[in-house]
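Heads up: the structure comes next, in C-alpha cells.
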There are 2 protein chains.
Amino acid sequence: METPLREPTFLILTALVAEPLHGYGLITEVARLSDGRVSLRPGTLYGALDRLLDAGLVTVEREEVVDSRLRRYYRLTEHGGDLLANETERMRRNVEAATARLTARTRRGTPRLNGGIA
Amino acid sequence: METPLREPTFLILTALVAEPLHGYGLITEVARLSDGRVSLRPGTLYGALDRLLDAGLVTVEREEVVDSRLRRYYRLTEHGGDLLANETERMRRNVEAATARLTARTRRGTPRLNGGIA
DNA sequence: CCGTTATATCTTCGCAGCCGATATATTGAC
DNA sequence: GTCAATATATCGGCTGCGAAGATATAACGG
C-alpha cells in the first residue's frame with residue numbers, strides 16, 4: 001500500500017468506518033460524504049479494493065445474493081482503522097501548515113474566505 | 001495538473017506561500033514544515049517543479065549565481081495560491097468527515113464481536 | 001414489448017506522479 | 001585527499017487512478 005493515501009482510497013476507508021458496505025454502496029456513500037465531489041469509477045473502486053484486501057486493511061465480511069445479484073460486503077479491519085486514523089492526522093497537520101501560511105497571505109493581500117482558523 | 005495534489009506537490013506549494021525559494025531551499029523547507037516526515041528527492045522535486053511551471057502555478061522569479069553555483073528562485077503565482085487554498089479546503093473537509101466517523105468509532109470502544117446488539 | 005435507468009461486479013489500458021538511482025559540480029571541513 | 005553539504009538535473013520503474021467497456025438483472029415508462 002502506498003502511503004499517503006490518495007483521495008479515493010481515503011474516502012473508501014472513511015466510508016467503511018461506520019459499517020460494512022458492498023461495492024455499489026461504497027460508490028453512493030463516498031459520493032454522499034464528499035458532497036458529490038467524488039464519484040468512484042469501477043476501475044478505481046475495484047482496483048482499490050483489491051489493494052486494500054491485499055494489504056489487510058479491509059476484509060470481505062459476507063456475500064449475499066439479492067435478486068440473483070451478488071453483494072459482497074467489505075469491512076474495515078482494525079489495521080485499516082488505525083491506518084486511516086494515522087493518515088487523517090497527517091493530513092490534518094498538512095492542512096494546518098497550509099492554512100497558517102495562507103492566512104498570513106490573506107492578511108497582506110486579497111482578503112478572502114474565513115479569516116478565522118480552526 | 002492532476003488535482004487532488006499529492007503530498008510532495010502540496011508541500012512544495014505550501015512552502016512557497018511565504019517567500020520564493022530555490023530548489024535546495026525547498027527540500028529543507030518542506031522537511032521543516034512537515035517535521036522531517038517528508039524529504040523531497042531530486043526526481044520528485046524537479047519533476048514537480050516542471051509540472052507546476054507548466055501549469056502556471058509557480059514561476060521562476062530570478063536566478064542567482066552564488067559561489068559559481070546556480071540558484072533558481074521559484075515564486076508562487078496567484079493562480080497557484082488560489083489552487084492551494086482550494087485544495088486545502090477540500091482536504092479539510094475530508095479530514096473532518098474522517099474525524100467525525102473515527103470519533104464515533106472510538107466512543108463505541110472499537111466494536112469487537114458484535115457491538116452489543118443481538 | 002422495448003428502451004432507459006438503476007443496481008451490481010469486473011477487466012483492460014493508458015497516463016501521471018513519485019521515488020530511487022545516478023550524474024555533475026563546487027565549497028568547506030577533517 | 002576524501003567526505004559532507006550545497007545545488008541542479010535526468011532516467012526508469014512502480015503504483016494508483018480513471019476512462020471505457022463488458023456483463024447481468026430488475027424496475028419503470030412509453
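By convention here, the chains of the C-alpha cells are called A, B, ... in the order presented, each chain's residues are numbered starting at 1, and ligands are numbered starting at 1 in the order presented.
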Query raised in the report: Excluding same-chain residues fewer than 3 positions from Arg51 of chain A, what lies within 12 Å of it counting only C-alpha atoms (C1' of nucleotides), as a list in words?
Result: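 Result of the neighbour search: Met1, Glu2, Leu5, Thr9, Ile12, Thr44, Leu45, Tyr46, Gly47, Ala48, Asp54, Ala55, Gly56, Leu57, Val58, Thr59 and Gly80 of chain A; DT15 and DG16 of chain D.
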Please write the residues from the selection above to a file, keeping C-alpha atoms (C1' of nucleotides), as a tab-separated table (two decimals), in the first residue's frame.
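Result went into selection05.tsv, see below:
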chain	number	residue	atom	x	y	z
A	1	MET	CA	0.00	0.00	0.00
A	2	GLU	CA	1.18	3.39	-0.92
A	5	LEU	CA	-3.45	7.50	0.72
A	9	THR	CA	-8.77	5.25	-1.19
A	12	ILE	CA	-13.35	4.35	0.75
A	44	THR	CA	-10.90	2.91	-9.32
A	45	LEU	CA	-13.14	1.13	-6.83
A	46	TYR	CA	-12.32	-2.48	-7.54
A	47	GLY	CA	-8.66	-1.73	-8.12
A	48	ALA	CA	-8.56	-0.03	-4.73
A	54	ASP	CA	-4.16	-7.42	-0.21
A	55	ALA	CA	-2.82	-5.06	2.44
A	56	GLY	CA	-5.23	-6.39	5.07
A	57	LEU	CA	-6.94	-3.03	5.55
A	58	VAL	CA	-10.34	-4.40	4.64
A	59	THR	CA	-11.83	-7.92	4.59
A	80	GLY	CA	-7.32	-0.38	8.36
D	15	DT	C1'	1.71	2.37	-8.40
D	16	DG	C1'	-2.71	4.24	-8.26
Query raised in the report: Could you write out as an NGL selection string the residues of chain D within 9 Å of chain A, counting only C-alpha atoms (C1' of nucleotides)?
Result: :D and (15-19 or 24-26)
**Report entry** Interatomic distance (Å, one decimal) between atom CA of Ala85 of chain A and atom CA of Leu102 of chain B
**Finding:** 7.1 Å
Requested in this report: Grab the Cα RMSD for chain B fitted onto chain A, all atoms paired in sequence order, one decimal please.
Outcome: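 Least-squares fit of chain B onto chain A, C-alpha RMSD 5.5 Å.
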Requested in this report: Please identify which residues in segment 11-90 of chain A DSSP calls helix (DSSP H, G or I) from the backbone, and express them as JSON, numbers by chain.
Outcome: {"A": [11, 12, 13, 14, 15, 16, 17, 18, 23, 24, 25, 26, 27, 28, 29, 30, 31, 32, 33, 42, 43, 44, 45, 46, 47, 48, 49, 50, 51, 52, 53, 54, 78, 79, 80, 81, 82, 83, 84, 85, 86, 87, 88, 89, 90]}
Take the residues from that selection and write them out as a compact mmCIF listing (two decimals), in the first residue's frame, keeping N, CA and C atoms.
# COMPACT_ATOMS: atom_id res chain seq x y z
N LEU A 11 -11.30 7.99 1.04
CA LEU A 11 -12.75 8.07 1.21
C LEU A 11 -13.40 6.69 1.32
N ILE A 12 -12.84 5.72 0.63
CA ILE A 12 -13.35 4.35 0.75
C ILE A 12 -13.20 3.86 2.19
N LEU A 13 -12.02 4.06 2.74
CA LEU A 13 -11.79 3.64 4.13
C LEU A 13 -12.71 4.42 5.09
N THR A 14 -12.84 5.71 4.83
CA THR A 14 -13.70 6.54 5.68
C THR A 14 -15.15 6.04 5.65
N ALA A 15 -15.61 5.69 4.45
CA ALA A 15 -16.99 5.21 4.31
C ALA A 15 -17.19 3.91 5.07
N LEU A 16 -16.14 3.12 5.18
CA LEU A 16 -16.26 1.81 5.82
C LEU A 16 -16.12 1.85 7.34
N VAL A 17 -15.78 3.01 7.88
CA VAL A 17 -15.62 3.11 9.34
C VAL A 17 -16.94 2.80 10.04
N ALA A 18 -18.03 3.39 9.49
CA ALA A 18 -19.32 3.26 10.15
C ALA A 18 -19.90 1.86 10.07
N GLY A 23 -19.73 -2.96 -2.92
CA GLY A 23 -19.15 -2.07 -3.90
C GLY A 23 -20.02 -0.91 -4.31
N TYR A 24 -21.21 -1.22 -4.71
CA TYR A 24 -22.10 -0.16 -5.18
C TYR A 24 -22.50 0.78 -4.04
N GLY A 25 -22.66 0.21 -2.84
CA GLY A 25 -22.95 1.01 -1.66
C GLY A 25 -21.82 1.99 -1.39
N LEU A 26 -20.59 1.56 -1.66
CA LEU A 26 -19.43 2.43 -1.48
C LEU A 26 -19.46 3.60 -2.45
N ILE A 27 -19.84 3.32 -3.68
CA ILE A 27 -19.92 4.39 -4.68
C ILE A 27 -20.87 5.48 -4.21
N THR A 28 -22.04 5.08 -3.74
CA THR A 28 -23.03 6.07 -3.30
C THR A 28 -22.62 6.76 -2.00
N GLU A 29 -22.06 5.97 -1.08
CA GLU A 29 -21.67 6.55 0.21
C GLU A 29 -20.51 7.53 0.07
N VAL A 30 -19.53 7.21 -0.77
CA VAL A 30 -18.40 8.11 -1.00
C VAL A 30 -18.89 9.41 -1.67
N ALA A 31 -19.83 9.26 -2.59
CA ALA A 31 -20.41 10.46 -3.22
C ALA A 31 -21.10 11.31 -2.16
N ARG A 32 -21.82 10.67 -1.27
CA ARG A 32 -22.56 11.36 -0.23
C ARG A 32 -21.61 12.10 0.73
N LEU A 33 -20.61 11.39 1.23
CA LEU A 33 -19.76 12.01 2.25
C LEU A 33 -18.79 13.03 1.66
N PRO A 42 -15.75 2.29 -11.54
CA PRO A 42 -15.49 0.87 -11.26
C PRO A 42 -14.01 0.53 -11.23
N GLY A 43 -13.27 1.05 -12.21
CA GLY A 43 -11.84 0.77 -12.28
C GLY A 43 -11.11 1.22 -11.03
N THR A 44 -11.50 2.37 -10.53
CA THR A 44 -10.90 2.91 -9.32
C THR A 44 -11.31 2.07 -8.10
N LEU A 45 -12.60 1.83 -8.00
CA LEU A 45 -13.14 1.13 -6.83
C LEU A 45 -12.58 -0.27 -6.67
N TYR A 46 -12.70 -1.08 -7.71
CA TYR A 46 -12.32 -2.48 -7.54
C TYR A 46 -10.80 -2.64 -7.52
N GLY A 47 -10.12 -1.75 -8.22
CA GLY A 47 -8.66 -1.73 -8.12
C GLY A 47 -8.25 -1.42 -6.69
N ALA A 48 -8.88 -0.42 -6.11
CA ALA A 48 -8.56 -0.03 -4.73
C ALA A 48 -8.90 -1.14 -3.76
N LEU A 49 -10.07 -1.75 -3.93
CA LEU A 49 -10.48 -2.82 -3.02
C LEU A 49 -9.51 -4.00 -3.07
N ASP A 50 -9.04 -4.33 -4.25
CA ASP A 50 -8.06 -5.41 -4.38
C ASP A 50 -6.81 -5.09 -3.57
N ARG A 51 -6.35 -3.84 -3.72
CA ARG A 51 -5.15 -3.44 -3.00
C ARG A 51 -5.37 -3.43 -1.49
N LEU A 52 -6.56 -2.94 -1.09
CA LEU A 52 -6.88 -2.86 0.34
C LEU A 52 -7.01 -4.24 0.97
N LEU A 53 -7.61 -5.17 0.21
CA LEU A 53 -7.72 -6.55 0.69
C LEU A 53 -6.33 -7.15 0.83
N ASP A 54 -5.52 -6.91 -0.18
CA ASP A 54 -4.16 -7.42 -0.21
C ASP A 54 -3.34 -6.93 0.97
N GLU A 78 -9.11 -3.72 11.89
CA GLU A 78 -8.56 -2.85 12.91
C GLU A 78 -7.33 -2.13 12.34
N HIS A 79 -6.53 -2.88 11.61
CA HIS A 79 -5.36 -2.32 10.95
C HIS A 79 -5.76 -1.18 10.02
N GLY A 80 -6.83 -1.41 9.27
CA GLY A 80 -7.32 -0.38 8.36
C GLY A 80 -7.77 0.86 9.10
N GLY A 81 -8.44 0.67 10.22
CA GLY A 81 -8.91 1.79 11.03
C GLY A 81 -7.75 2.59 11.60
N ASP A 82 -6.73 1.87 12.06
CA ASP A 82 -5.55 2.54 12.61
C ASP A 82 -4.85 3.34 11.54
N LEU A 83 -4.68 2.73 10.38
CA LEU A 83 -4.01 3.43 9.29
C LEU A 83 -4.78 4.67 8.87
N LEU A 84 -6.09 4.55 8.80
CA LEU A 84 -6.91 5.72 8.44
C LEU A 84 -6.75 6.83 9.48
N ALA A 85 -6.70 6.45 10.74
CA ALA A 85 -6.52 7.43 11.81
C ALA A 85 -5.18 8.15 11.65
N ASN A 86 -4.13 7.38 11.34
CA ASN A 86 -2.81 7.99 11.15
C ASN A 86 -2.78 8.91 9.95
N GLU A 87 -3.39 8.47 8.87
CA GLU A 87 -3.42 9.27 7.64
C GLU A 87 -4.21 10.55 7.86
N THR A 88 -5.28 10.44 8.60
CA THR A 88 -6.09 11.61 8.89
C THR A 88 -5.30 12.63 9.69
N GLU A 89 -4.55 12.12 10.65
CA GLU A 89 -3.72 13.00 11.48
C GLU A 89 -2.66 13.70 10.64
N ARG A 90 -2.05 12.96 9.73
CA ARG A 90 -1.04 13.56 8.87
C ARG A 90 -1.64 14.65 7.98
